[in-house]
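A.B. asks: Structure file target_3.cif (mmCIF, C-alpha atoms) is given on the next line.
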data_model
loop_
_atom_site.group_PDB
_atom_site.id
_atom_site.type_symbol
_atom_site.label_atom_id
_atom_site.label_comp_id
_atom_site.auth_asym_id
_atom_site.auth_seq_id
_atom_site.Cartn_x
_atom_site.Cartn_y
_atom_site.Cartn_z
ATOM 1 C CA MET A 1 119.478 140.517 105.954
ATOM 2 C CA ASN A 2 120.886 137.112 105.274
ATOM 3 C CA TRP A 3 119.782 134.771 102.522
ATOM 4 C CA PHE A 4 117.178 133.010 104.643
ATOM 5 C CA THR A 5 115.258 136.037 105.898
ATOM 6 C CA ARG A 6 115.426 137.616 102.463
ATOM 7 C CA THR A 7 113.942 134.508 100.855
ATOM 8 C CA PHE A 8 111.318 134.272 103.592
ATOM 9 C CA HIS A 9 110.181 137.834 102.968
ATOM 10 C CA LYS A 10 110.119 137.331 99.234
ATOM 11 C CA MET A 11 107.986 134.200 99.578
ATOM 12 C CA GLY A 12 105.311 136.453 101.044
ATOM 13 C CA SER A 13 105.244 138.316 97.735
ATOM 14 C CA PRO A 14 102.691 136.632 95.467
ATOM 15 C CA PRO A 15 104.467 137.067 92.105
ATOM 16 C CA PHE A 16 107.730 135.814 93.590
ATOM 17 C CA PHE A 17 105.972 132.814 95.102
ATOM 18 C CA TYR A 18 104.073 132.014 91.898
ATOM 19 C CA ARG A 19 107.206 132.038 89.741
ATOM 20 C CA GLY A 20 109.631 130.618 92.290
ATOM 21 C CA ALA A 21 107.469 127.680 93.329
ATOM 22 C CA GLU A 22 107.168 126.284 89.808
ATOM 23 C CA ILE A 23 110.598 124.631 89.771
ATOM 24 C CA TRP A 24 109.901 123.164 93.230
ATOM 25 C CA VAL A 25 106.680 121.622 91.998
ATOM 26 C CA ILE A 26 108.494 120.012 89.069
ATOM 27 C CA TRP A 27 111.244 118.524 91.255
ATOM 28 C CA LEU A 28 108.859 117.342 93.953
ATOM 29 C CA TYR A 29 106.798 115.590 91.255
ATOM 30 C CA ILE A 30 109.881 113.909 89.778
ATOM 31 C CA ILE A 31 111.198 112.775 93.175
ATOM 32 C CA GLY A 32 107.751 111.779 94.422
ATOM 33 C CA LEU A 33 106.624 109.755 91.414
ATOM 34 C CA GLY A 34 110.082 108.228 90.978
ATOM 35 C CA ALA A 35 110.336 107.087 94.592
ATOM 36 C CA LEU A 36 106.767 105.743 94.547
ATOM 37 C CA MET A 37 107.554 103.662 91.489
ATOM 38 C CA ILE A 38 110.774 102.280 92.971
ATOM 39 C CA GLY A 39 109.248 101.605 96.393
ATOM 40 C CA THR A 40 106.174 99.905 94.954
ATOM 41 C CA VAL A 41 108.071 97.604 92.590
ATOM 42 C CA TRP A 42 110.490 96.811 95.414
ATOM 43 C CA GLY A 43 107.716 96.108 97.884
ATOM 44 C CA LEU A 44 105.710 93.958 95.490
ATOM 45 C CA GLY A 45 108.500 92.010 93.865
ATOM 46 C CA PHE A 46 111.650 92.025 95.923
ATOM 47 C CA THR A 47 110.701 91.552 99.567
ATOM 48 C CA PRO A 48 109.974 88.255 101.311
ATOM 49 C CA ALA A 49 106.381 87.415 102.281
ATOM 50 C CA ASP A 50 105.399 87.927 105.920
ATOM 51 C CA ARG A 51 105.569 84.829 108.142
ATOM 52 C CA LEU A 52 102.060 85.387 109.542
ATOM 53 C CA GLN A 53 100.268 87.452 106.908
ATOM 54 C CA GLY A 54 101.824 86.020 103.736
ATOM 55 C CA ASP A 55 101.723 88.353 100.741
ATOM 56 C CA SER A 56 98.768 90.343 102.064
ATOM 57 C CA PHE A 57 101.203 92.346 104.231
ATOM 58 C CA ARG A 58 102.375 94.146 101.061
ATOM 59 C CA ILE A 59 99.368 96.443 101.438
ATOM 60 C CA ILE A 60 101.430 98.086 104.207
ATOM 61 C CA TYR A 61 103.525 99.839 101.537
ATOM 62 C CA LEU A 62 100.558 102.015 100.610
ATOM 63 C CA HIS A 63 98.356 101.896 103.714
ATOM 64 C CA VAL A 64 100.887 103.208 106.229
ATOM 65 C CA PRO A 65 102.314 106.104 104.174
ATOM 66 C CA ALA A 66 98.801 107.270 103.203
ATOM 67 C CA ALA A 67 97.424 107.024 106.743
ATOM 68 C CA HIS A 68 100.438 108.725 108.260
ATOM 69 C CA LEU A 69 100.523 111.525 105.710
ATOM 70 C CA SER A 70 96.784 112.171 106.047
ATOM 71 C CA GLN A 71 97.256 112.894 109.760
ATOM 72 C CA LEU A 72 100.261 115.095 109.077
ATOM 73 C CA ILE A 73 98.234 117.073 106.531
ATOM 74 C CA TYR A 74 95.439 117.514 109.064
ATOM 75 C CA LEU A 75 97.939 118.767 111.617
ATOM 76 C CA ALA A 76 99.506 121.136 109.076
ATOM 77 C CA ILE A 77 96.062 122.542 108.174
ATOM 78 C CA ALA A 78 95.342 123.128 111.865
ATOM 79 C CA VAL A 79 98.671 124.947 112.315
ATOM 80 C CA ALA A 80 97.875 127.041 109.234
ATOM 81 C CA GLY A 81 94.444 127.726 110.745
ATOM 82 C CA PHE A 82 96.091 128.976 113.925
ATOM 83 C CA VAL A 83 98.485 131.181 111.933
ATOM 84 C CA TYR A 84 95.507 132.566 109.996
ATOM 85 C CA LEU A 85 93.483 133.261 113.140
ATOM 86 C CA VAL A 86 96.334 135.029 114.919
ATOM 87 C CA TRP A 87 98.114 136.876 112.109
ATOM 88 C CA ARG A 88 95.517 136.786 109.296
ATOM 89 C CA MET A 89 98.264 135.601 106.979
ATOM 90 C CA LYS A 90 96.785 135.068 103.520
ATOM 91 C CA MET A 91 99.219 132.334 102.581
ATOM 92 C CA ALA A 92 98.030 130.282 105.563
ATOM 93 C CA ASP A 93 94.519 130.329 104.127
ATOM 94 C CA VAL A 94 95.856 129.483 100.673
ATOM 95 C CA PHE A 95 97.612 126.487 102.232
ATOM 96 C CA MET A 96 94.405 125.300 103.938
ATOM 97 C CA MET A 97 92.539 125.448 100.618
ATOM 98 C CA SER A 98 95.319 123.632 98.787
ATOM 99 C CA ALA A 99 95.794 120.736 101.198
ATOM 100 C CA VAL A 100 92.252 119.838 102.236
ATOM 101 C CA TRP A 101 91.234 117.699 99.257
ATOM 102 C CA LEU A 102 94.472 115.770 99.325
ATOM 103 C CA GLY A 103 93.967 115.072 103.018
ATOM 104 C CA ALA A 104 90.450 113.803 102.386
ATOM 105 C CA TRP A 105 91.546 111.487 99.568
ATOM 106 C CA LEU A 106 94.462 110.070 101.540
ATOM 107 C CA THR A 107 92.228 109.408 104.542
ATOM 108 C CA ALA A 108 89.677 107.688 102.308
ATOM 109 C CA PHE A 109 92.437 105.579 100.786
ATOM 110 C CA ALA A 110 93.810 104.651 104.222
ATOM 111 C CA LEU A 111 90.324 103.452 105.210
ATOM 112 C CA PHE A 112 89.805 101.583 101.928
ATOM 113 C CA SER A 113 93.182 99.822 102.011
ATOM 114 C CA GLY A 114 92.666 99.022 105.694
ATOM 115 C CA ILE A 115 89.283 97.439 104.999
ATOM 116 C CA VAL A 116 90.667 95.311 102.154
ATOM 117 C CA TRP A 117 93.652 94.302 104.292
ATOM 118 C CA GLY A 118 91.401 93.503 107.239
ATOM 119 C CA ILE A 119 89.278 90.960 105.380
ATOM 120 C CA PRO A 120 91.959 88.236 105.159
ATOM 121 C CA THR A 121 93.911 89.322 108.261
ATOM 122 C CA TRP A 122 91.242 90.209 110.823
ATOM 123 C CA GLY A 123 88.468 88.150 109.282
ATOM 124 C CA THR A 124 86.452 91.338 108.924
ATOM 125 C CA GLY A 125 86.775 94.510 106.902
ATOM 126 C CA TRP A 126 85.380 96.855 109.492
ATOM 127 C CA VAL A 127 85.077 97.017 113.261
ATOM 128 C CA TRP A 128 83.841 100.006 115.233
ATOM 129 C CA ASP A 129 86.885 100.340 117.424
ATOM 130 C CA ALA A 130 88.984 103.314 118.465
ATOM 131 C CA ARG A 131 91.402 103.309 115.526
ATOM 132 C CA THR A 132 88.982 102.785 112.659
ATOM 133 C CA THR A 133 86.386 105.139 114.130
ATOM 134 C CA SER A 134 88.859 107.956 114.817
ATOM 135 C CA VAL A 135 90.201 107.735 111.233
ATOM 136 C CA LEU A 136 86.617 107.858 109.955
ATOM 137 C CA VAL A 137 86.126 110.971 112.108
ATOM 138 C CA GLN A 138 89.189 112.465 110.409
ATOM 139 C CA LEU A 139 87.586 111.866 107.006
ATOM 140 C CA PHE A 140 84.434 113.655 108.174
ATOM 141 C CA LEU A 141 86.553 116.523 109.524
ATOM 142 C CA PHE A 142 88.214 116.959 106.116
ATOM 143 C CA LEU A 143 84.811 116.830 104.394
ATOM 144 C CA GLY A 144 83.519 119.340 106.944
ATOM 145 C CA LEU A 145 86.349 121.740 106.059
ATOM 146 C CA ILE A 146 85.483 121.385 102.363
ATOM 147 C CA VAL A 147 81.761 121.917 102.919
ATOM 148 C CA LEU A 148 82.300 124.956 105.169
ATOM 149 C CA ARG A 149 84.354 126.643 102.477
ATOM 150 C CA VAL A 150 81.629 126.075 99.889
ATOM 151 C CA ALA A 151 78.731 126.920 102.205
ATOM 152 C CA ILE A 152 79.968 130.346 103.357
ATOM 153 C CA PRO A 153 79.960 132.798 100.448
ATOM 154 C CA ASN A 154 82.067 135.466 102.179
ATOM 155 C CA SER A 155 85.605 134.202 101.646
ATOM 156 C CA GLN A 156 87.050 135.819 104.769
ATOM 157 C CA ARG A 157 84.354 134.385 106.995
ATOM 158 C CA ALA A 158 84.754 131.012 105.317
ATOM 159 C CA ALA A 159 88.494 131.084 106.039
ATOM 160 C CA LEU A 160 87.821 131.889 109.714
ATOM 161 C CA ALA A 161 85.285 129.085 110.050
ATOM 162 C CA VAL A 162 87.622 126.599 108.370
ATOM 163 C CA ALA A 163 90.485 127.663 110.655
ATOM 164 C CA VAL A 164 88.370 127.230 113.792
ATOM 165 C CA LEU A 165 87.045 123.801 112.773
ATOM 166 C CA ALA A 166 90.554 122.644 111.829
ATOM 167 C CA ILE A 167 91.902 123.672 115.242
ATOM 168 C CA VAL A 168 89.034 122.090 117.184
ATOM 169 C CA GLY A 169 89.444 118.848 115.234
ATOM 170 C CA VAL A 170 93.078 118.499 116.266
ATOM 171 C CA ILE A 171 91.832 116.685 119.371
ATOM 172 C CA ASN A 172 91.234 113.722 117.054
ATOM 173 C CA ILE A 173 94.923 113.358 116.094
ATOM 174 C CA PRO A 174 96.245 112.019 119.441
ATOM 175 C CA ILE A 175 93.196 109.777 119.603
ATOM 176 C CA ILE A 176 94.165 108.210 116.258
ATOM 177 C CA LYS A 177 97.808 107.915 117.270
ATOM 178 C CA TYR A 178 97.310 106.357 120.679
ATOM 179 C CA SER A 179 94.105 104.428 119.932
ATOM 180 C CA VAL A 180 96.101 101.258 119.269
ATOM 181 C CA ASP A 181 97.934 101.554 122.596
ATOM 182 C CA TRP A 182 95.158 102.742 124.908
ATOM 183 C CA PHE A 183 92.258 100.598 123.740
ATOM 184 C CA THR A 184 91.692 96.989 122.868
ATOM 185 C CA THR A 185 91.601 96.876 119.113
ATOM 186 C CA LEU A 186 92.231 94.531 116.219
ATOM 187 C CA HIS A 187 94.632 97.033 114.725
ATOM 188 C CA GLN A 188 98.256 96.260 115.489
ATOM 189 C CA PRO A 189 100.380 98.888 117.265
ATOM 190 C CA ALA A 190 102.859 100.835 115.163
ATOM 191 C CA SER A 191 105.922 98.828 114.109
ATOM 192 C CA ILE A 192 108.107 101.905 113.915
ATOM 193 C CA GLN A 193 108.091 104.182 116.947
ATOM 194 C CA ILE A 194 110.573 106.704 118.234
ATOM 195 C CA GLY A 195 112.440 105.293 121.216
ATOM 196 C CA ASN A 196 111.584 101.668 120.482
ATOM 197 C CA PRO A 197 113.537 99.121 118.463
ATOM 198 C CA ILE A 198 112.135 98.845 114.933
ATOM 199 C CA GLY A 199 109.588 96.007 114.815
ATOM 200 C CA ILE A 200 109.991 95.246 111.143
ATOM 201 C CA ASP A 201 112.819 93.532 109.274
ATOM 202 C CA THR A 202 115.045 95.848 107.229
ATOM 203 C CA SER A 203 114.325 93.889 104.028
ATOM 204 C CA MET A 204 110.669 94.884 104.466
ATOM 205 C CA LEU A 205 111.429 98.326 105.852
ATOM 206 C CA TRP A 206 113.279 99.868 102.908
ATOM 207 C CA PRO A 207 110.403 99.900 100.397
ATOM 208 C CA LEU A 208 108.204 101.387 103.124
ATOM 209 C CA LEU A 209 110.659 104.236 103.665
ATOM 210 C CA VAL A 210 111.058 104.840 99.930
ATOM 211 C CA ASN A 211 107.280 104.922 99.377
ATOM 212 C CA THR A 212 106.816 107.210 102.377
ATOM 213 C CA ILE A 213 109.388 109.668 101.026
ATOM 214 C CA GLY A 214 107.787 109.407 97.577
ATOM 215 C CA LEU A 215 104.260 110.077 98.776
ATOM 216 C CA TYR A 216 105.390 112.971 100.992
ATOM 217 C CA ALA A 217 107.311 114.580 98.130
ATOM 218 C CA LEU A 218 104.429 114.153 95.681
ATOM 219 C CA ALA A 219 101.949 115.536 98.226
ATOM 220 C CA ALA A 220 104.188 118.552 98.826
ATOM 221 C CA GLY A 221 104.349 119.077 95.053
ATOM 222 C CA VAL A 222 100.568 118.832 94.632
ATOM 223 C CA ILE A 223 99.894 121.212 97.547
ATOM 224 C CA LEU A 224 102.448 123.705 96.235
ATOM 225 C CA TYR A 225 100.882 123.483 92.757
ATOM 226 C CA TYR A 226 97.431 124.299 94.168
ATOM 227 C CA MET A 227 98.937 127.121 96.232
ATOM 228 C CA ARG A 228 100.276 128.677 93.028
ATOM 229 C CA ILE A 229 96.810 128.385 91.457
ATOM 230 C CA TYR A 230 95.003 129.928 94.422
ATOM 231 C CA VAL A 231 97.559 132.744 94.698
ATOM 232 C CA LEU A 232 96.904 133.521 91.050
ATOM 233 C CA ARG A 233 93.149 133.510 91.646
ATOM 234 C CA ARG A 234 93.397 135.675 94.745
ATOM 235 C CA GLU A 235 95.544 138.258 92.932
ATOM 236 C CA ARG A 236 93.493 138.184 89.735
ATOM 237 C CA GLY A 237 93.097 141.963 89.555
ATOM 238 C CA SER A 238 96.786 142.778 89.819
ATOM 239 C CA GLU A 239 99.262 143.757 87.142
ATOM 240 C CA TRP A 240 101.561 140.754 87.551
ATOM 241 C CA VAL A 241 98.686 138.317 86.973
ATOM 242 C CA ARG A 242 97.876 140.188 83.760
ATOM 243 C CA GLU A 243 101.467 139.675 82.718
ATOM 244 C CA VAL A 244 101.371 135.969 83.576
ATOM 245 C CA VAL A 245 98.152 135.497 81.607
ATOM 246 C CA ALA A 246 99.369 137.579 78.665
ATOM 247 C CA ASN A 247 102.618 135.601 78.424
ATOM 248 C CA GLN A 248 100.759 132.328 78.657
ATOM 249 C CA ARG A 249 100.419 131.727 74.930
ATOM 250 C CA GLY A 250 102.577 128.795 73.847
ATOM 251 C CA ASP A 251 103.761 128.203 77.402
ATOM 252 C CA SER A 252 102.222 125.000 78.660
ATOM 253 C CA ALA A 253 102.847 125.558 82.382
ATOM 254 C CA MET B 1 102.922 83.256 86.947
ATOM 255 C CA ALA B 2 103.040 82.551 90.663
ATOM 256 C CA TRP B 3 103.935 86.120 91.492
ATOM 257 C CA PHE B 4 100.545 87.424 90.287
ATOM 258 C CA GLU B 5 98.771 85.081 92.656
ATOM 259 C CA MET B 6 100.384 86.824 95.636
ATOM 260 C CA GLY B 7 100.352 83.632 97.680
ATOM 261 C CA GLY B 8 96.545 83.470 97.430
ATOM 262 C CA TYR B 9 96.043 87.126 98.372
ATOM 263 C CA ALA B 10 95.778 88.478 94.812
ATOM 264 C CA ALA B 11 92.143 89.523 95.369
ATOM 265 C CA TYR B 12 93.257 91.832 98.190
ATOM 266 C CA VAL B 13 96.677 93.078 97.073
ATOM 267 C CA TRP B 14 95.932 94.047 93.452
ATOM 268 C CA PRO B 15 92.755 96.072 94.029
ATOM 269 C CA VAL B 16 94.560 98.179 96.638
ATOM 270 C CA PHE B 17 97.525 98.834 94.327
ATOM 271 C CA GLY B 18 95.204 99.446 91.368
ATOM 272 C CA VAL B 19 93.129 102.028 93.233
ATOM 273 C CA ALA B 20 96.354 103.668 94.450
ATOM 274 C CA LEU B 21 97.637 103.949 90.885
ATOM 275 C CA VAL B 22 94.459 105.663 89.689
ATOM 276 C CA LEU B 23 94.420 107.927 92.756
ATOM 277 C CA VAL B 24 98.065 108.996 92.418
ATOM 278 C CA ILE B 25 97.665 109.800 88.716
ATOM 279 C CA GLY B 26 94.401 111.637 89.365
ATOM 280 C CA LEU B 27 95.768 113.692 92.263
ATOM 281 C CA ALA B 28 98.953 114.508 90.356
ATOM 282 C CA ILE B 29 97.315 115.796 87.160
ATOM 283 C CA ALA B 30 94.212 117.458 88.667
ATOM 284 C CA PRO B 31 95.985 120.757 89.487
ATOM 285 C CA ARG B 32 97.223 120.996 85.902
ATOM 286 C CA TYR B 33 93.640 121.129 84.605
ATOM 287 C CA ARG B 34 92.610 123.500 87.389
ATOM 288 C CA HIS B 35 95.500 125.795 86.466
ATOM 289 C CA ARG B 36 94.686 125.812 82.783
ATOM 290 C CA ARG B 37 91.001 126.494 83.461
ATOM 291 C CA LEU B 38 91.853 129.441 85.702
ATOM 292 C CA LEU B 39 94.257 130.898 83.130
ATOM 293 C CA ASP B 40 91.574 130.648 80.424
ATOM 294 C CA GLU B 41 89.054 132.250 82.749
ATOM 295 C CA LEU B 42 91.412 135.138 83.595
ATOM 296 C CA LYS B 43 92.262 135.620 79.944
ATOM 297 C CA GLY B 44 88.584 135.998 79.132
ATOM 298 C CA GLU B 45 88.169 138.496 81.970
ATOM 299 C CA HIS B 46 91.123 140.589 80.863
ATOM 300 C CA GLU B 47 90.025 140.593 77.234
ATOM 301 C CA SER B 48 86.508 141.744 78.077
ATOM 302 C CA GLU B 49 87.963 144.477 80.337
ATOM 303 C CA ASP B 50 90.257 145.640 77.553
ATOM 304 C CA GLN B 51 87.295 146.064 75.212
ATOM 305 C CA ASP B 52 85.536 148.431 77.627
#
Re-express the file's structure as structure tokens.
C.D. replies:
Amino acid sequence: MNWFTRTFHKMGSPPFFYRGAEIWVIWLYIIGLGALMIGTVWGLGFTPADRLQGDSFRIIYLHVPAAHLSQLIYLAIAVAGFVYLVWRMKMADVFMMSAVWLGAWLTAFALFSGIVWGIPTWGTGWVWDARTTSVLVQLFLFLGLIVLRVAIPNSQRAALAVAVLAIVGVINIPIIKYSVDWFTTLHQPASIQIGNPIGIDTSMLWPLLVNTIGLYALAAGVILYYMRIYVLRRERGSEWVREVVANQRGDSA
Amino acid sequence: MAWFEMGGYAAYVWPVFGVALVLVIGLAIAPRYRHRRLLDELKGEHESEDQD
């Protein structure tokens, strides 16, 4: 076995995952928070104002990364749901549990920042069009996943229900993505698309990239942190958890 | 300072960045509390088992 397959197999072992993931969480937090700080200061203080939108365009530095990441998290939960349905892999369920709240918060923030941005730019905070409505649907899907988990006491059945809802809800993702191209909407089409020239000046683009990397890294760190917690909870009866708990004194992890 | 006025858009820009700051801090430290609570809970469980 080479290094990769060996590591992959070990990651399936709960004690190895719990201990090994800690250093990843720390580094993802450092990179994530650091990049977010740099990108935000850069975007607020060291980029020119937009010709049409003035300084209100700076909301893009938070709105776009949050909205984009929230969809990616939904997609990742759906993939994990599929993996759980087909192979009953426990870690897939642990991932679904760990990512769902983050997805809900990021979606809520994307909606909030969009509403605030819309007031000066569109002349209205909210319109019931394809983009805004499909993102609202995504928020309800995340909340649905959370409620299902709480409402079904049997944890295996809850995991199955969550997986099925996550997969069904994937239909909403292309609707969000293409809503600005297919339908008439106030929302502008994406400025950065694969295969098209970038529709944003590089002086404005850099902080957006830095903040996107920062938010992605922080989100990965937070999800991994929750995965460690839920692995610990799931394995609560086992010897290695006893060891972890017994050695906890004085260790602030 | 002119910078704080954000070209007249201060009422839109700052609330969004303020909410984001609170959200990022909240999301980042929440698992730490969750972790500590679980460890305390497990410790209690193990101690009561050991007494049996």
A.B. asks: Please write the residues picked by the PyMOL selection byres ((chain A) within 8 of (chain B)) on this file as a list in words.
C.D. replies: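 Matching residues under the PyMOL selection byres ((chain A) within 8 of (chain B)) are Tyr29, Gly45, Gly54, Asp55, Ser56, Arg58, Ile59, Leu62, Leu102, Phe109, Phe112, Ser113, Val116, Trp117, Pro120, Leu218, Val222, Tyr225, Tyr226, Ile229, Arg233, Arg236, Arg242, Val245 and Ala246 of chain A.
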A.B. asks: Restricting the calculation to only C-alpha atoms: of A:Thr47, A:Ser155, A:Ser191, A:Thr124, which residue gets closest to A:Arg234?
C.D. replies: A:Ser155
A.B. asks: Any chance you could work out the residue set of the PyMOL selection byres ((chain A and resi 48) around 8) here, as a VMD selection string?
C.D. replies: chain A and resid 46 to 47 49 to 50 203 to 204
A.B. asks: Restricting the calculation to all atoms listed in the file, which member of A:Asn154, A:Thr121, A:Ser134, A:Asn247 is positioned closest to A:Tyr178?
C.D. replies: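 Ranked by minimum distance to A:Tyr178, first place goes to A:Ser134.
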A.B. asks: Please write as number ranges by chain the list of polymer residues whose atoms come within 7 Å of (95.2, 103.9, 104.1), counting only C-alpha atoms and keeping to the coordinates of the file.
C.D. replies: A: 62-64, 66-67, 106-114
A.B. asks: Can you translate the PyMOL selection byres ((chain A and resi 139-152) around 10) into the concrete residues it hits in this file, as a PDB file with C-alpha atoms, keeping the file's coordinate frame?
C.D. replies:
ATOM      1  CA  SER A  70      96.784 112.171 106.047  1.00  0.00           C
ATOM      2  CA  TYR A  74      95.439 117.514 109.064  1.00  0.00           C
ATOM      3  CA  ILE A  77      96.062 122.542 108.174  1.00  0.00           C
ATOM      4  CA  MET A  96      94.405 125.300 103.938  1.00  0.00           C
ATOM      5  CA  MET A  97      92.539 125.448 100.618  1.00  0.00           C
ATOM      6  CA  ALA A  99      95.794 120.736 101.198  1.00  0.00           C
ATOM      7  CA  VAL A 100      92.252 119.838 102.236  1.00  0.00           C
ATOM      8  CA  TRP A 101      91.234 117.699  99.257  1.00  0.00           C
ATOM      9  CA  LEU A 102      94.472 115.770  99.325  1.00  0.00           C
ATOM     10  CA  GLY A 103      93.967 115.072 103.018  1.00  0.00           C
ATOM     11  CA  ALA A 104      90.450 113.803 102.386  1.00  0.00           C
ATOM     12  CA  TRP A 105      91.546 111.487  99.568  1.00  0.00           C
ATOM     13  CA  LEU A 106      94.462 110.070 101.540  1.00  0.00           C
ATOM     14  CA  THR A 107      92.228 109.408 104.542  1.00  0.00           C
ATOM     15  CA  ALA A 108      89.677 107.688 102.308  1.00  0.00           C
ATOM     16  CA  ALA A 110      93.810 104.651 104.222  1.00  0.00           C
ATOM     17  CA  LEU A 111      90.324 103.452 105.210  1.00  0.00           C
ATOM     18  CA  THR A 133      86.386 105.139 114.130  1.00  0.00           C
ATOM     19  CA  SER A 134      88.859 107.956 114.817  1.00  0.00           C
ATOM     20  CA  VAL A 135      90.201 107.735 111.233  1.00  0.00           C
ATOM     21  CA  LEU A 136      86.617 107.858 109.955  1.00  0.00           C
ATOM     22  CA  VAL A 137      86.126 110.971 112.108  1.00  0.00           C
ATOM     23  CA  GLN A 138      89.189 112.465 110.409  1.00  0.00           C
ATOM     24  CA  PRO A 153      79.960 132.798 100.448  1.00  0.00           C
ATOM     25  CA  ASN A 154      82.067 135.466 102.179  1.00  0.00           C
ATOM     26  CA  SER A 155      85.605 134.202 101.646  1.00  0.00           C
ATOM     27  CA  GLN A 156      87.050 135.819 104.769  1.00  0.00           C
ATOM     28  CA  ARG A 157      84.354 134.385 106.995  1.00  0.00           C
ATOM     29  CA  ALA A 158      84.754 131.012 105.317  1.00  0.00           C
ATOM     30  CA  ALA A 159      88.494 131.084 106.039  1.00  0.00           C
ATOM     31  CA  LEU A 160      87.821 131.889 109.714  1.00  0.00           C
ATOM     32  CA  ALA A 161      85.285 129.085 110.050  1.00  0.00           C
ATOM     33  CA  VAL A 162      87.622 126.599 108.370  1.00  0.00           C
ATOM     34  CA  ALA A 163      90.485 127.663 110.655  1.00  0.00           C
ATOM     35  CA  VAL A 164      88.370 127.230 113.792  1.00  0.00           C
ATOM     36  CA  LEU A 165      87.045 123.801 112.773  1.00  0.00           C
ATOM     37  CA  ALA A 166      90.554 122.644 111.829  1.00  0.00           C
ATOM     38  CA  VAL A 168      89.034 122.090 117.184  1.00  0.00           C
ATOM     39  CA  GLY A 169      89.444 118.848 115.234  1.00  0.00           C
ATOM     40  CA  VAL A 170      93.078 118.499 116.266  1.00  0.00           C
ATOM     41  CA  ASN A 172      91.234 113.722 117.054  1.00  0.00           C
TER      42      ASN A 172
END
A.B. asks: In Å, how far is it from atom CA of A:Gly214 to atom CA of A:Gly34?
C.D. replies: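 Taking atom CA of A:Gly214 and atom CA of A:Gly34, their separation equals 7.1 Å.
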A.B. asks: Enter the distance from atom CA of A:Thr7 to atom CA of A:Ile31, in Å, rounded to one decimal.
C.D. replies: 23.2 Å
A.B. asks: Between atom CA of A:Trp27 and atom CA of A:Trp42, what is the spacing in Å?
C.D. replies: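 That distance, rounded to one decimal, is 22.1 Å.
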A.B. asks: With 3 Å on each side, where is the centre of the axis-aligned box around all listed atoms of stretch 37-50 of chain A, and how long are its edges in Å to one decimal, as AutoDock Vina command-line options?
C.D. replies:
--center_x 108.5 --center_y 95.5 --center_z 98.7 --size_x 12.3 --size_y 22.2 --size_z 20.4
A.B. asks: Using all atoms listed in the file, which of the listed residues (A:Gly221, A:Glu243, A:Gly118, A:Tyr230) sits closest to A:Gln53?
C.D. replies: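 Of the candidates, the smallest distance to A:Gln53 is held by A:Gly118.
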A.B. asks: Starting from the incomplete input, reconstruct N, CA and C atoms of stretch 7-19 of chain B and report them as a short mmCIF file (atom, residue, chain, number, x, y, z; two decimals), keeping the file's coordinate frame.
C.D. replies:
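File written: result.cif
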data_model
loop_
_atom_site.label_atom_id
_atom_site.label_comp_id
_atom_site.auth_asym_id
_atom_site.auth_seq_id
_atom_site.Cartn_x
_atom_site.Cartn_y
_atom_site.Cartn_z
N GLY B 7 100.52 84.63 96.62
CA GLY B 7 100.35 83.63 97.68
C GLY B 7 98.90 83.43 98.09
N GLY B 8 97.96 83.64 97.12
CA GLY B 8 96.54 83.47 97.43
C GLY B 8 95.86 84.77 97.83
N TYR B 9 96.63 85.85 97.94
CA TYR B 9 96.04 87.13 98.37
C TYR B 9 95.85 88.11 97.22
N ALA B 10 95.88 87.59 95.98
CA ALA B 10 95.78 88.48 94.81
C ALA B 10 94.53 89.35 94.87
N ALA B 11 93.42 88.80 95.35
CA ALA B 11 92.14 89.52 95.37
C ALA B 11 92.17 90.70 96.35
N TYR B 12 93.15 90.72 97.24
CA TYR B 12 93.26 91.83 98.19
C TYR B 12 94.37 92.80 97.80
N VAL B 13 95.51 92.24 97.36
CA VAL B 13 96.68 93.08 97.07
C VAL B 13 96.45 93.94 95.82
N TRP B 14 96.01 93.30 94.72
CA TRP B 14 95.93 94.05 93.45
C TRP B 14 94.89 95.15 93.45
N PRO B 15 93.69 94.94 94.01
CA PRO B 15 92.76 96.07 94.03
C PRO B 15 93.31 97.29 94.77
N VAL B 16 94.01 97.05 95.88
CA VAL B 16 94.56 98.18 96.64
C VAL B 16 95.61 98.92 95.80
N PHE B 17 96.49 98.18 95.13
CA PHE B 17 97.52 98.83 94.33
C PHE B 17 96.92 99.47 93.07
N GLY B 18 95.87 98.86 92.53
CA GLY B 18 95.20 99.45 91.37
C GLY B 18 94.53 100.77 91.69
N VAL B 19 93.80 100.79 92.80
CA VAL B 19 93.13 102.03 93.23
C VAL B 19 94.18 103.10 93.51
#
